[in-house]
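Below is query_6.cif, holding mmCIF, C-alpha atoms.
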data_run
loop_
_atom_site.label_atom_id
_atom_site.label_comp_id
_atom_site.auth_asym_id
_atom_site.auth_seq_id
_atom_site.Cartn_x
_atom_site.Cartn_y
_atom_site.Cartn_z
CA MET A 282 -89.38 -171.30 -85.39
CA LYS A 283 -87.66 -174.66 -85.55
CA ILE A 284 -86.32 -176.60 -82.57
CA ASN A 285 -83.85 -179.31 -83.49
CA LEU A 286 -83.78 -182.00 -80.82
CA LYS A 287 -80.32 -183.21 -81.82
CA ASP A 288 -78.90 -179.71 -81.32
CA LYS A 289 -80.71 -178.96 -78.09
CA CYS A 290 -80.48 -182.34 -76.36
CA ASP A 291 -77.72 -184.27 -78.09
CA LYS A 292 -78.47 -187.83 -76.87
CA GLN A 293 -80.05 -186.70 -73.62
CA THR A 294 -83.67 -187.49 -74.40
CA ILE A 295 -84.64 -189.79 -71.52
CA THR A 296 -85.47 -187.91 -68.32
CA ARG A 297 -88.02 -185.27 -67.34
CA LYS A 298 -85.09 -182.92 -66.81
CA ASP A 299 -84.09 -183.43 -70.46
CA GLY A 300 -87.68 -182.80 -71.57
CA GLN A 301 -87.88 -179.65 -69.47
CA ILE A 302 -85.21 -178.03 -71.64
CA ILE A 303 -87.45 -178.35 -74.69
CA ASN A 304 -90.57 -177.38 -72.74
CA GLU A 305 -88.96 -174.14 -71.57
CA ILE A 306 -87.94 -173.21 -75.12
CA ILE A 307 -91.49 -173.82 -76.34
CA VAL A 308 -93.15 -171.90 -73.51
CA LYS A 309 -90.80 -168.96 -74.05
CA ALA A 310 -91.57 -168.85 -77.77
CA TRP A 311 -95.30 -169.61 -77.51
CA ASP A 312 -96.63 -166.07 -77.65
CA LYS A 313 -93.97 -164.79 -80.04
CA GLU A 314 -94.21 -167.45 -82.75
CA ASP A 315 -97.12 -168.42 -84.97
CA LYS A 316 -95.73 -171.90 -85.53
CA ILE A 317 -93.17 -173.96 -83.64
CA THR A 318 -91.70 -176.96 -85.45
CA ILE A 319 -89.95 -179.72 -83.57
CA GLU A 320 -87.37 -181.54 -85.70
CA PHE A 321 -86.82 -185.07 -84.40
CA GLY A 322 -84.22 -186.04 -87.01
CA ASN A 323 -85.58 -189.62 -87.10
CA ILE A 324 -84.07 -190.52 -83.74
CA LEU A 325 -86.09 -192.92 -81.63
CA ILE A 326 -86.88 -191.26 -78.30
CA ALA A 327 -89.18 -193.90 -76.72
CA SER A 328 -89.28 -192.09 -73.40
CA VAL A 329 -92.60 -191.33 -71.75
CA SER A 330 -90.87 -189.05 -69.24
CA PHE A 331 -89.14 -186.96 -71.90
CA LEU A 332 -92.14 -186.64 -74.23
CA ASP A 333 -94.54 -185.91 -71.37
CA GLU A 334 -92.34 -183.24 -69.83
CA ALA A 335 -91.52 -181.60 -73.16
CA PHE A 336 -94.96 -181.72 -74.80
CA GLY A 337 -97.54 -183.63 -72.72
CA LYS A 338 -97.68 -181.06 -69.95
CA LEU A 339 -98.55 -178.35 -72.46
CA ALA A 340 -101.98 -180.02 -72.56
CA PHE A 341 -102.70 -178.60 -69.11
CA GLU A 342 -101.94 -175.08 -70.36
CA TYR A 343 -103.36 -174.95 -73.88
CA PRO A 344 -106.56 -176.28 -75.48
CA LYS A 345 -106.29 -179.03 -78.10
CA ASP A 346 -106.97 -176.81 -81.12
CA VAL A 347 -104.38 -174.23 -80.02
CA PHE A 348 -101.80 -176.97 -79.39
CA VAL A 349 -102.37 -178.56 -82.80
CA LYS A 350 -102.22 -175.23 -84.59
CA LYS A 351 -99.07 -174.06 -82.83
CA LEU A 352 -96.89 -177.17 -82.85
CA SER A 353 -95.77 -179.44 -85.63
CA PHE A 354 -93.52 -182.48 -85.37
CA GLU A 355 -91.20 -183.41 -88.20
CA ASN A 356 -89.21 -186.56 -88.97
CA MET A 357 -90.59 -188.34 -85.97
CA GLU A 358 -90.41 -192.13 -85.69
CA GLU A 359 -93.81 -193.83 -85.95
CA TYR A 360 -93.40 -195.30 -82.47
CA ASP A 361 -92.73 -191.89 -80.97
CA ARG A 362 -95.68 -190.33 -82.78
CA ALA A 363 -98.01 -192.99 -81.39
CA LEU A 364 -96.47 -192.63 -77.92
CA LEU A 365 -96.81 -188.84 -77.97
CA ASN A 366 -100.44 -189.03 -79.08
CA ASP A 367 -101.12 -191.49 -76.30
CA ILE A 368 -99.56 -189.15 -73.76
CA LEU A 369 -101.49 -186.15 -75.09
CA ILE A 370 -104.79 -188.01 -75.03
CA SER A 371 -104.11 -189.12 -71.41
CA ARG A 372 -103.19 -185.59 -70.37
CA TYR A 373 -106.24 -183.99 -72.06
CA HIS A 374 -108.42 -186.62 -70.42
CA GLN A 375 -106.86 -185.80 -67.04
CA LYS A 376 -107.46 -182.13 -67.73
CA GLU A 377 -111.14 -182.88 -68.40
CA LEU A 378 -111.30 -184.62 -65.04
CA GLY A 379 -109.92 -181.41 -63.54
CA GLU A 380 -107.38 -183.05 -61.32
CA ASN A 381 -103.96 -184.59 -61.23
CA GLY A 382 -105.35 -187.88 -60.11
CA TYR A 383 -105.08 -191.07 -62.04
CA SER A 384 -107.49 -191.59 -64.86
CA LYS A 385 -108.98 -194.77 -66.21
CA PRO A 386 -108.40 -195.25 -69.93
CA LYS A 387 -111.42 -194.48 -72.10
CA ARG A 388 -110.82 -197.44 -74.33
CA ARG A 389 -109.52 -200.90 -73.83
CA LYS A 390 -105.89 -201.13 -74.82
CA ILE A 391 -105.52 -202.74 -78.21
CA ALA A 392 -102.59 -204.27 -79.99
CA ARG A 393 -101.97 -202.28 -83.11
CA ARG A 394 -98.94 -201.27 -85.09
CA PRO A 395 -98.47 -197.55 -85.68
CA GLY A 396 -99.34 -196.78 -89.27
CA ALA A 397 -101.72 -199.74 -89.56
CA ARG A 398 -105.33 -198.79 -90.29
CA ARG A 399 -108.16 -200.29 -88.35
CA LEU A 400 -110.45 -202.48 -90.42
CA MET B 279 -68.47 -216.45 -39.98
CA LEU B 280 -71.97 -216.71 -41.39
CA ILE B 281 -72.76 -219.14 -44.21
CA LEU B 282 -75.63 -218.14 -46.48
CA PRO B 283 -76.94 -221.18 -48.36
CA PHE B 284 -78.51 -220.12 -51.63
CA PRO B 285 -81.37 -222.30 -52.87
CA LYS B 286 -81.34 -224.74 -55.74
CA ARG B 287 -83.36 -222.40 -57.92
CA GLN B 288 -83.01 -218.66 -57.71
CA SER B 289 -85.91 -217.39 -59.73
CA ILE B 290 -88.58 -214.88 -58.72
CA ALA B 291 -90.76 -217.80 -57.58
CA PHE B 292 -88.30 -218.11 -54.68
CA SER B 293 -88.19 -214.39 -54.03
CA THR B 294 -89.07 -214.65 -50.32
CA ARG B 295 -86.03 -216.83 -49.66
CA MET B 296 -83.77 -214.73 -51.86
CA VAL B 297 -84.86 -211.48 -50.20
CA ASN B 298 -84.39 -213.06 -46.76
CA LEU B 299 -80.83 -214.05 -47.67
CA TYR B 300 -80.16 -210.58 -49.05
CA ASN B 301 -81.49 -208.95 -45.85
CA LEU B 302 -79.50 -211.33 -43.69
CA ALA B 303 -76.29 -210.52 -45.56
CA ARG B 304 -76.85 -206.79 -45.10
CA GLU B 305 -78.04 -206.82 -41.51
CA THR B 306 -75.87 -209.42 -39.85
CA PRO B 307 -73.16 -208.07 -37.52
CA GLU B 308 -70.88 -210.92 -38.65
CA ALA B 309 -67.72 -209.61 -40.29
CA GLU B 310 -67.22 -212.62 -42.56
CA LEU B 311 -69.80 -214.05 -44.92
CA THR B 312 -69.72 -217.10 -47.14
CA PHE B 313 -72.19 -217.27 -50.01
CA ASP B 314 -72.79 -220.93 -50.57
CA LEU B 315 -73.86 -221.68 -54.14
CA SER B 316 -72.90 -225.35 -54.00
CA LYS B 317 -76.51 -226.51 -54.25
CA SER B 318 -77.56 -223.95 -56.83
CA GLU B 319 -78.68 -225.36 -60.15
CA SER B 320 -80.33 -222.54 -62.05
CA LEU B 321 -80.37 -218.78 -62.12
CA THR B 322 -82.47 -216.04 -63.67
CA PRO B 323 -81.74 -212.29 -64.00
CA PHE B 324 -83.63 -211.83 -60.71
CA GLY B 325 -81.47 -214.42 -58.96
CA ILE B 326 -78.17 -213.06 -60.22
CA ILE B 327 -79.19 -209.52 -59.24
CA MET B 328 -80.11 -210.55 -55.69
CA LEU B 329 -76.90 -212.52 -55.30
CA THR B 330 -74.75 -209.73 -56.75
CA ALA B 331 -76.51 -207.07 -54.67
CA ALA B 332 -76.09 -209.11 -51.48
CA ILE B 333 -72.35 -209.60 -52.02
CA SER B 334 -71.78 -206.10 -53.35
CA GLU B 335 -73.58 -204.38 -50.47
CA SER B 336 -71.84 -206.58 -47.90
CA LEU B 337 -68.46 -205.66 -49.36
CA ARG B 338 -69.43 -202.00 -49.20
CA GLN B 339 -70.14 -202.45 -45.50
CA GLY B 340 -66.56 -203.70 -45.10
CA LYS B 341 -67.50 -207.34 -44.61
CA LYS B 342 -65.20 -210.05 -45.89
CA CYS B 343 -67.00 -212.18 -48.45
CA THR B 344 -66.15 -215.52 -49.98
CA TYR B 345 -68.23 -217.78 -52.11
CA ILE B 346 -68.53 -221.51 -52.60
CA LYS B 347 -68.76 -222.38 -56.27
CA PRO B 348 -71.77 -224.26 -57.58
CA ARG B 349 -71.24 -228.00 -57.94
CA LYS B 350 -72.95 -227.89 -61.28
CA GLN B 351 -70.21 -226.97 -63.73
CA SER B 352 -72.55 -225.54 -66.31
CA LEU B 353 -73.80 -223.05 -63.72
CA GLU B 354 -70.25 -222.05 -62.87
CA ARG B 355 -69.63 -221.36 -66.54
CA PHE B 356 -72.91 -219.51 -66.68
CA LEU B 357 -71.90 -217.26 -63.76
CA SER B 358 -68.83 -216.35 -65.72
CA GLU B 359 -70.87 -215.67 -68.82
CA ILE B 360 -73.27 -213.38 -67.02
CA GLY B 361 -70.42 -211.30 -65.63
CA PHE B 362 -70.56 -212.46 -62.01
CA ASN B 363 -66.85 -213.25 -61.82
CA LYS B 364 -65.94 -210.08 -63.65
CA PHE B 365 -68.13 -208.05 -61.30
CA PHE B 366 -66.15 -209.23 -58.28
CA ARG B 367 -62.88 -209.46 -60.17
CA LEU B 368 -62.70 -213.17 -59.57
CA LYS B 369 -60.11 -214.98 -61.62
CA THR B 370 -61.84 -216.68 -64.48
CA GLU B 371 -61.32 -217.74 -68.04
CA ALA B 372 -63.00 -215.76 -70.74
CA ILE B 373 -65.45 -218.44 -71.79
CA PHE B 374 -67.72 -216.26 -73.89
CA PRO B 375 -65.57 -213.52 -75.36
CA ASP B 376 -68.22 -212.42 -77.80
CA ARG B 377 -70.77 -210.52 -75.76
CA LEU B 378 -73.04 -210.10 -78.78
CA ARG B 379 -73.33 -213.82 -79.39
CA SER B 380 -74.25 -214.64 -75.83
CA GLY B 381 -77.51 -212.63 -75.95
CA LYS B 382 -76.93 -211.56 -72.36
CA VAL B 383 -76.55 -208.19 -70.75
CA GLN B 384 -74.09 -208.78 -67.96
CA VAL B 385 -75.08 -207.90 -64.44
CA ARG B 386 -73.96 -204.42 -63.54
CA ARG B 387 -74.34 -201.72 -60.94
CA VAL B 388 -75.40 -198.47 -62.53
CA SER B 389 -75.50 -194.97 -61.12
CA GLY B 390 -77.94 -192.46 -62.61
CA ILE B 391 -79.33 -192.52 -66.13
CA ASP B 392 -77.10 -194.45 -68.47
CA ALA B 393 -78.06 -193.82 -72.09
CA LEU B 394 -75.29 -196.14 -73.19
CA LEU B 395 -76.84 -199.00 -71.23
CA THR B 396 -80.00 -198.75 -73.32
CA GLU B 397 -77.92 -198.81 -76.49
CA THR B 398 -75.91 -201.81 -75.26
CA LEU B 399 -79.00 -203.74 -74.31
CA MET B 400 -80.71 -203.01 -77.60
CA GLU B 401 -77.56 -204.02 -79.49
CA ILE B 402 -77.14 -207.33 -77.66
CA ILE B 403 -80.82 -208.28 -77.75
CA GLY B 404 -81.19 -207.08 -81.33
CA TYR B 405 -78.26 -209.23 -82.43
CA HIS B 406 -79.81 -212.30 -80.90
CA VAL B 407 -83.50 -211.84 -81.51
CA ASN B 408 -85.36 -210.44 -84.48
CA LEU B 409 -87.46 -207.74 -82.85
CA SER B 410 -90.28 -205.87 -84.58
CA SER B 411 -89.96 -202.08 -84.64
CA GLY B 412 -92.85 -201.80 -82.17
CA LEU B 413 -91.18 -204.20 -79.76
CA LYS B 414 -87.88 -202.34 -80.08
CA GLY B 415 -89.61 -199.08 -79.19
CA SER B 416 -91.48 -200.60 -76.24
CA LEU B 417 -88.38 -202.34 -74.93
CA ARG B 418 -86.35 -199.14 -75.10
CA MET B 419 -89.21 -197.26 -73.45
CA SER B 420 -89.44 -199.81 -70.62
CA LEU B 421 -85.75 -199.76 -69.83
CA GLN B 422 -85.58 -195.97 -69.91
CA GLU B 423 -88.65 -195.58 -67.70
CA MET B 424 -87.33 -198.09 -65.16
CA MET B 425 -84.03 -196.17 -64.95
CA THR B 426 -85.88 -192.85 -64.69
CA ASN B 427 -88.12 -194.20 -61.92
CA VAL B 428 -85.10 -195.15 -59.82
CA VAL B 429 -83.52 -191.72 -60.19
CA ASP B 430 -86.78 -189.78 -59.70
CA HIS B 431 -88.52 -191.75 -56.96
CA SER B 432 -86.29 -194.18 -55.08
CA GLY B 433 -84.13 -191.70 -53.20
CA THR B 434 -81.01 -193.34 -54.60
CA GLN B 435 -79.15 -193.13 -57.88
CA ASP B 436 -77.83 -196.68 -57.84
CA TYR B 437 -79.38 -199.82 -59.18
CA TYR B 438 -78.55 -203.26 -60.51
CA VAL B 439 -79.61 -204.42 -63.93
CA CYS B 440 -79.38 -207.68 -65.82
CA ALA B 441 -81.12 -209.16 -68.86
CA TRP B 442 -80.89 -212.13 -71.11
CA THR B 443 -82.67 -213.83 -73.94
CA TYR B 444 -84.16 -217.32 -74.00
CA PRO B 445 -84.10 -218.08 -77.73
CA ARG B 446 -86.00 -221.38 -77.46
CA LYS B 447 -88.77 -219.84 -75.39
CA ARG B 448 -88.63 -216.68 -77.51
CA GLN B 449 -88.41 -214.64 -74.36
CA LEU B 450 -86.40 -211.81 -72.97
CA ARG B 451 -86.08 -211.51 -69.19
CA LEU B 452 -85.10 -208.20 -67.73
CA CYS B 453 -84.64 -207.30 -64.08
CA ILE B 454 -83.78 -204.03 -62.39
CA ALA B 455 -83.43 -203.51 -58.64
CA ASP B 456 -82.75 -200.44 -56.57
CA LEU B 457 -81.98 -200.32 -52.86
CA GLY B 458 -83.91 -197.11 -52.25
CA ILE B 459 -86.95 -196.23 -50.16
CA GLY B 460 -89.50 -198.43 -51.94
CA ILE B 461 -92.80 -197.56 -53.62
CA LEU B 462 -94.96 -197.15 -50.49
CA ARG B 463 -92.62 -194.67 -48.82
CA SER B 464 -92.05 -192.88 -52.11
CA LEU B 465 -95.78 -192.41 -52.77
CA ARG B 466 -96.33 -191.26 -49.21
CA ASN B 467 -94.09 -188.29 -50.00
CA SER B 468 -97.04 -186.96 -51.98
CA LYS B 469 -99.76 -185.35 -49.85
CA LYS B 470 -102.37 -187.13 -51.91
CA TYR B 471 -101.09 -190.57 -50.90
CA GLU B 472 -99.70 -189.86 -47.43
CA SER B 473 -102.33 -192.09 -45.80
CA LEU B 474 -101.38 -195.16 -47.88
CA SER B 475 -100.36 -198.06 -45.67
CA ASP B 476 -100.62 -201.20 -47.76
CA ALA B 477 -97.59 -202.29 -49.80
CA HIS B 478 -99.68 -204.15 -52.40
CA GLU B 479 -102.06 -201.23 -52.85
CA SER B 480 -99.11 -198.89 -53.36
CA ILE B 481 -97.58 -201.15 -56.03
CA ILE B 482 -100.85 -201.47 -57.95
CA LEU B 483 -101.53 -197.74 -57.60
CA ALA B 484 -98.06 -196.88 -58.92
CA THR B 485 -98.91 -198.67 -62.17
CA GLU B 486 -102.01 -196.52 -62.75
CA SER B 487 -101.88 -193.52 -65.06
CA GLY B 488 -101.16 -190.18 -63.37
CA VAL B 489 -100.05 -191.60 -60.01
CA SER B 490 -96.72 -190.21 -58.87
CA SER B 491 -94.78 -189.36 -55.75
CA ARG B 492 -93.82 -186.06 -57.34
CA PRO B 493 -95.90 -182.98 -56.62
CA GLU B 494 -95.97 -181.96 -60.27
CA LYS B 495 -97.91 -183.86 -62.89
CA ALA B 496 -96.13 -187.12 -63.74
CA GLY B 497 -96.81 -190.83 -63.31
CA LEU B 498 -97.14 -192.29 -66.79
CA GLY B 499 -94.03 -194.46 -67.11
CA LEU B 500 -94.93 -197.57 -65.13
CA ASN B 501 -98.45 -197.47 -66.58
CA HIS B 502 -97.00 -197.58 -70.08
CA ILE B 503 -94.72 -200.50 -69.18
CA LYS B 504 -97.69 -202.43 -67.77
CA SER B 505 -99.75 -201.67 -70.88
CA PHE B 506 -96.94 -202.96 -73.09
CA ILE B 507 -96.45 -206.17 -71.11
CA SER B 508 -100.22 -206.68 -71.08
CA VAL B 509 -100.50 -206.53 -74.88
CA ASN B 510 -97.35 -208.62 -75.21
CA GLU B 511 -98.98 -211.24 -72.93
CA GLY B 512 -95.83 -211.33 -70.85
CA HIS B 513 -95.20 -211.19 -67.11
CA MET B 514 -94.44 -208.28 -64.83
CA CYS B 515 -93.49 -208.63 -61.20
CA ILE B 516 -92.83 -205.84 -58.72
CA ILE B 517 -91.41 -206.43 -55.25
CA SER B 518 -91.25 -203.48 -52.92
CA GLY B 519 -91.37 -203.35 -49.12
CA SER B 520 -93.53 -206.20 -47.89
CA GLY B 521 -95.46 -206.46 -51.15
CA LYS B 522 -95.05 -208.59 -54.25
CA VAL B 523 -97.45 -208.25 -57.15
CA PHE B 524 -97.14 -210.56 -60.11
CA TRP B 525 -99.10 -209.86 -63.29
CA LYS B 526 -99.32 -212.95 -65.50
CA PHE B 527 -100.96 -211.38 -68.52
CA ASN B 528 -100.86 -214.57 -70.58
CA GLN B 529 -103.10 -216.19 -67.95
CA GLY B 530 -105.11 -213.08 -67.02
CA LYS B 531 -103.96 -213.39 -63.40
CA THR B 532 -102.71 -210.89 -60.85
CA LEU B 533 -101.12 -212.56 -57.86
CA LYS B 534 -100.25 -210.91 -54.55
CA GLN B 535 -97.79 -212.25 -52.03
CA LYS B 536 -96.64 -210.87 -48.71
CA MET B 537 -92.88 -210.84 -48.23
CA ILE B 538 -92.00 -212.30 -44.82
CA LEU B 539 -89.12 -209.86 -44.49
CA PRO B 540 -89.61 -206.68 -46.52
CA PHE B 541 -87.25 -205.70 -49.31
CA GLY B 542 -86.08 -202.14 -48.69
CA GLY B 543 -85.97 -201.03 -52.31
CA THR B 544 -87.86 -201.99 -55.45
CA ILE B 545 -87.36 -204.85 -57.87
CA ILE B 546 -89.05 -204.94 -61.26
CA LYS B 547 -88.85 -208.04 -63.39
CA LEU B 548 -90.26 -208.32 -66.89
CA ILE B 549 -90.72 -211.33 -69.13
CA ILE B 550 -91.22 -210.18 -72.70
CA ASN B 551 -92.30 -212.45 -75.55
CA THR B 552 -90.01 -211.56 -78.41
CA ASP B 553 -92.35 -212.99 -81.05
CA LYS B 554 -95.46 -211.17 -79.84
CA GLU B 555 -96.94 -207.70 -80.12
CA GLY B 556 -95.06 -204.76 -78.69
CA VAL B 557 -97.36 -201.86 -79.48
CA TYR B 558 -100.02 -201.07 -76.96
CA PHE B 559 -101.33 -197.59 -77.55
CA LEU B 560 -104.66 -196.28 -76.32
CA SER B 561 -105.26 -194.00 -79.23
CA ASP B 562 -106.47 -194.83 -82.72
CA GLU B 563 -104.80 -193.09 -85.61
CA GLU B 564 -107.94 -191.11 -86.41
CA ASP B 565 -107.74 -189.60 -82.89
CA TYR B 566 -104.14 -188.48 -83.35
CA LEU B 567 -103.52 -184.84 -82.49
CA VAL B 568 -100.06 -184.59 -84.00
#
Please re-express this file's structure in structure tokens.
Amino acid sequence: MKINLKDKCDKQTITRKDGQIINEIIVKAWDKEDKITIEFGNILIASVSFLDEAFGKLAFEYPKDVFVKKLSFENMEEYDRALLNDILISRYHQKELGENGYSKPKRRKIARRPGARRL
Amino acid sequence: MLILPFPKRQSIAFSTRMVNLYNLARETPEAELTFDLSKSESLTPFGIIMLTAAISESLRQGKKCTYIKPRKQSLERFLSEIGFNKFFRLKTEAIFPDRLRSGKVQVRRVSGIDALLTETLMEIIGYHVNLSSGLKGSLRMSLQEMMTNVVDHSGTQDYYVCAWTYPRKRQLRLCIADLGIGILRSLRNSKKYESLSDAHESIILATESGVSSRPEKAGLGLNHIKSFISVNEGHMCIISGSGKVFWKFNQGKTLKQKMILPFGGTIIKLIINTDKEGVYFLSDEEDYLV
């Protein structure tokens, strides 16, 4: 199954409400589909609220390996990929803590460009 | 008639005075107000937002407002450039017809999420300053999260926004202010934080990951903005209720100040270094899940 963000959201990719539309489609298809592909169409989302609501919250429902196996993200801007990974790591960390409280980051924040390898 | 004398400088350093003037304009029973800018010499996005909000809200209350022009002619021109005259439909010459060249996002009152505003800001800033792709992403993220926070948490849909570039300093200054319920009251809506009583504590808490006034899992936006400004070694200042917290990341300082008269809503001001890093992520690429 392929979900095209441009078709489903047009330019509305900012709020949690916008993200909820995508989240609902994914949740509905989760048990029926082996693989769900999200087509970003190279648009820059840069919204924590949208990405968290659409994908980040799935971390509370599904283990990491299941999430990775089920979802794939195509034509995503590097910035958005880094942002989404950051959100997912935060949410899985929160899940480990077993609460919806705030969590301290595991690592110190570092300045690094997406795509750049650490030496 | 009440005359409100605005100070010489109207930056966030003079926030107590600016907020007092704003509160006075809103709360006075006087039907006629005069905003005296004659002694004003410099403005920042924060200053223009407070001034615009004070006049705009007074007009909405049905008060008659007039203003005394600044003596400094360059400031008068500047007010025109930043859209002050246009905002109040004051007669003025079009001094800077090319909005792209000015590098300034004119002061405006916005209702709800405005996707076009993000595009406009990115276009104007991008024309004026050569931003890295990481900085572009972080800037877009910050603006979108600030708008979303107003709509989701402030209890109002309306806010004021203004931004402009300082090419010599290689800085972008961005300010957004809502006239909603403020961070402390908003967080208290959540059972988890209903016992919060300190304005400073609520501001600092709101910038932590996972803290939200919403019952469902949220609370990442402001944390991401703070992380970005931290890596960028910029400044972030939040004024809400009787609290003001100022993060000066380039100096490693966090300053707290008590507002003498509380500001009912929330003001967020960012200073972003346009020649510095914009990417701040926690995760390393080898940890990526997707």
**Request:** Quick one: apply the PyMOL selection byres ((chain B and resi 314) around 8) to the file and drop the selected residues here as a PyMOL selection string.
**Result:** chain B and resi 281-284+312-313+315-317+345-348
**Asked** Do you know which residues are at most 6 Å from segment 447-457 of chain B counting all atoms listed in the file, after dropping those on the same chain fewer than 5 positions away, and could you put them as a list in words?
**Response**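 What passes the distance filter is Pro323, Phe324, Tyr437, Tyr438, Val439, Cys440, Ala441, Trp442, Gly543, Thr544, Ile545, Ile546, Lys547, Leu548, Ile549, Ile550, Asn551 and Thr552 of chain B.
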**Message:** Could you tell me how far atom CA of Ser328 of chain A sits from atom CA of Asp315 of chain A, in Å to one decimal place?
**Reply:**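 Atom CA of Ser328 of chain A lies 27.5 Å from atom CA of Asp315 of chain A.
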**Request:** Could you check which of B:Asp430, B:Glu354, B:Asp553, B:Glu479 is closest to chain A, using all atoms listed in the file?
**Result:**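 For chain A, the nearest of the candidates is B:Asp430.
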**Message:** I want to know what sits within 7 Å of Thr296 of chain A, based on only C-alpha atoms, with residues of the same chain fewer than 6 positions away left out; could you give that as a PyMOL selection string?
**Reply:** (chain A and resi 330-331) or (chain B and resi 426)
Could you save those same residues with C-alpha atoms as a PDB file, in the coordinates of the input?
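File written: out_32.pdb
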ATOM      1  CA  SER A 330     -90.870-189.050 -69.240  1.00  0.00           C
ATOM      2  CA  PHE A 331     -89.140-186.960 -71.900  1.00  0.00           C
TER       3      PHE A 331
ATOM      4  CA  THR B 426     -85.880-192.850 -64.690  1.00  0.00           C
TER       5      THR B 426
END
**Request:** Evaluate the PyMOL selection byres ((chain A and resi 356) around 7) and record the selected residues as JSON, numbers by chain, following the chain and residue labels used in the document.
**Result:** {"A": [320, 321, 322, 323, 354, 355, 357, 358]}
**Message:** Can you spell out as a ChimeraX atom specification the set of residues that the PyMOL selection byres ((chain A and resi 334-351) around 7) selects in the structure I just provided?
**Reply:** /A:297,300-301,303-304,315-317,330-333,352-353,368-369,372-373,376 /B:567-568
Next, write the just-selected residues to a file, as a PDB file, keeping the file's coordinate frame, keeping C-alpha atoms as the atom set.
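The resulting selection_7.pdb:
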ATOM      1  CA  ARG A 297     -88.020-185.270 -67.340  1.00  0.00           C
ATOM      2  CA  GLY A 300     -87.680-182.800 -71.570  1.00  0.00           C
ATOM      3  CA  GLN A 301     -87.880-179.650 -69.470  1.00  0.00           C
ATOM      4  CA  ILE A 303     -87.450-178.350 -74.690  1.00  0.00           C
ATOM      5  CA  ASN A 304     -90.570-177.380 -72.740  1.00  0.00           C
ATOM      6  CA  ASP A 315     -97.120-168.420 -84.970  1.00  0.00           C
ATOM      7  CA  LYS A 316     -95.730-171.900 -85.530  1.00  0.00           C
ATOM      8  CA  ILE A 317     -93.170-173.960 -83.640  1.00  0.00           C
ATOM      9  CA  SER A 330     -90.870-189.050 -69.240  1.00  0.00           C
ATOM     10  CA  PHE A 331     -89.140-186.960 -71.900  1.00  0.00           C
ATOM     11  CA  LEU A 332     -92.140-186.640 -74.230  1.00  0.00           C
ATOM     12  CA  ASP A 333     -94.540-185.910 -71.370  1.00  0.00           C
ATOM     13  CA  LEU A 352     -96.890-177.170 -82.850  1.00  0.00           C
ATOM     14  CA  SER A 353     -95.770-179.440 -85.630  1.00  0.00           C
ATOM     15  CA  ILE A 368     -99.560-189.150 -73.760  1.00  0.00           C
ATOM     16  CA  LEU A 369    -101.490-186.150 -75.090  1.00  0.00           C
ATOM     17  CA  ARG A 372    -103.190-185.590 -70.370  1.00  0.00           C
ATOM     18  CA  TYR A 373    -106.240-183.990 -72.060  1.00  0.00           C
ATOM     19  CA  LYS A 376    -107.460-182.130 -67.730  1.00  0.00           C
TER      20      LYS A 376
ATOM     21  CA  LEU B 567    -103.520-184.840 -82.490  1.00  0.00           C
ATOM     22  CA  VAL B 568    -100.060-184.590 -84.000  1.00  0.00           C
TER      23      VAL B 568
END
**Asked** Mind pulling up the distance from atom CA of Gln288 of chain B to atom CA of Thr443 of chain B?
**Response**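 Computing it gives 16.9 Å between the two atoms.
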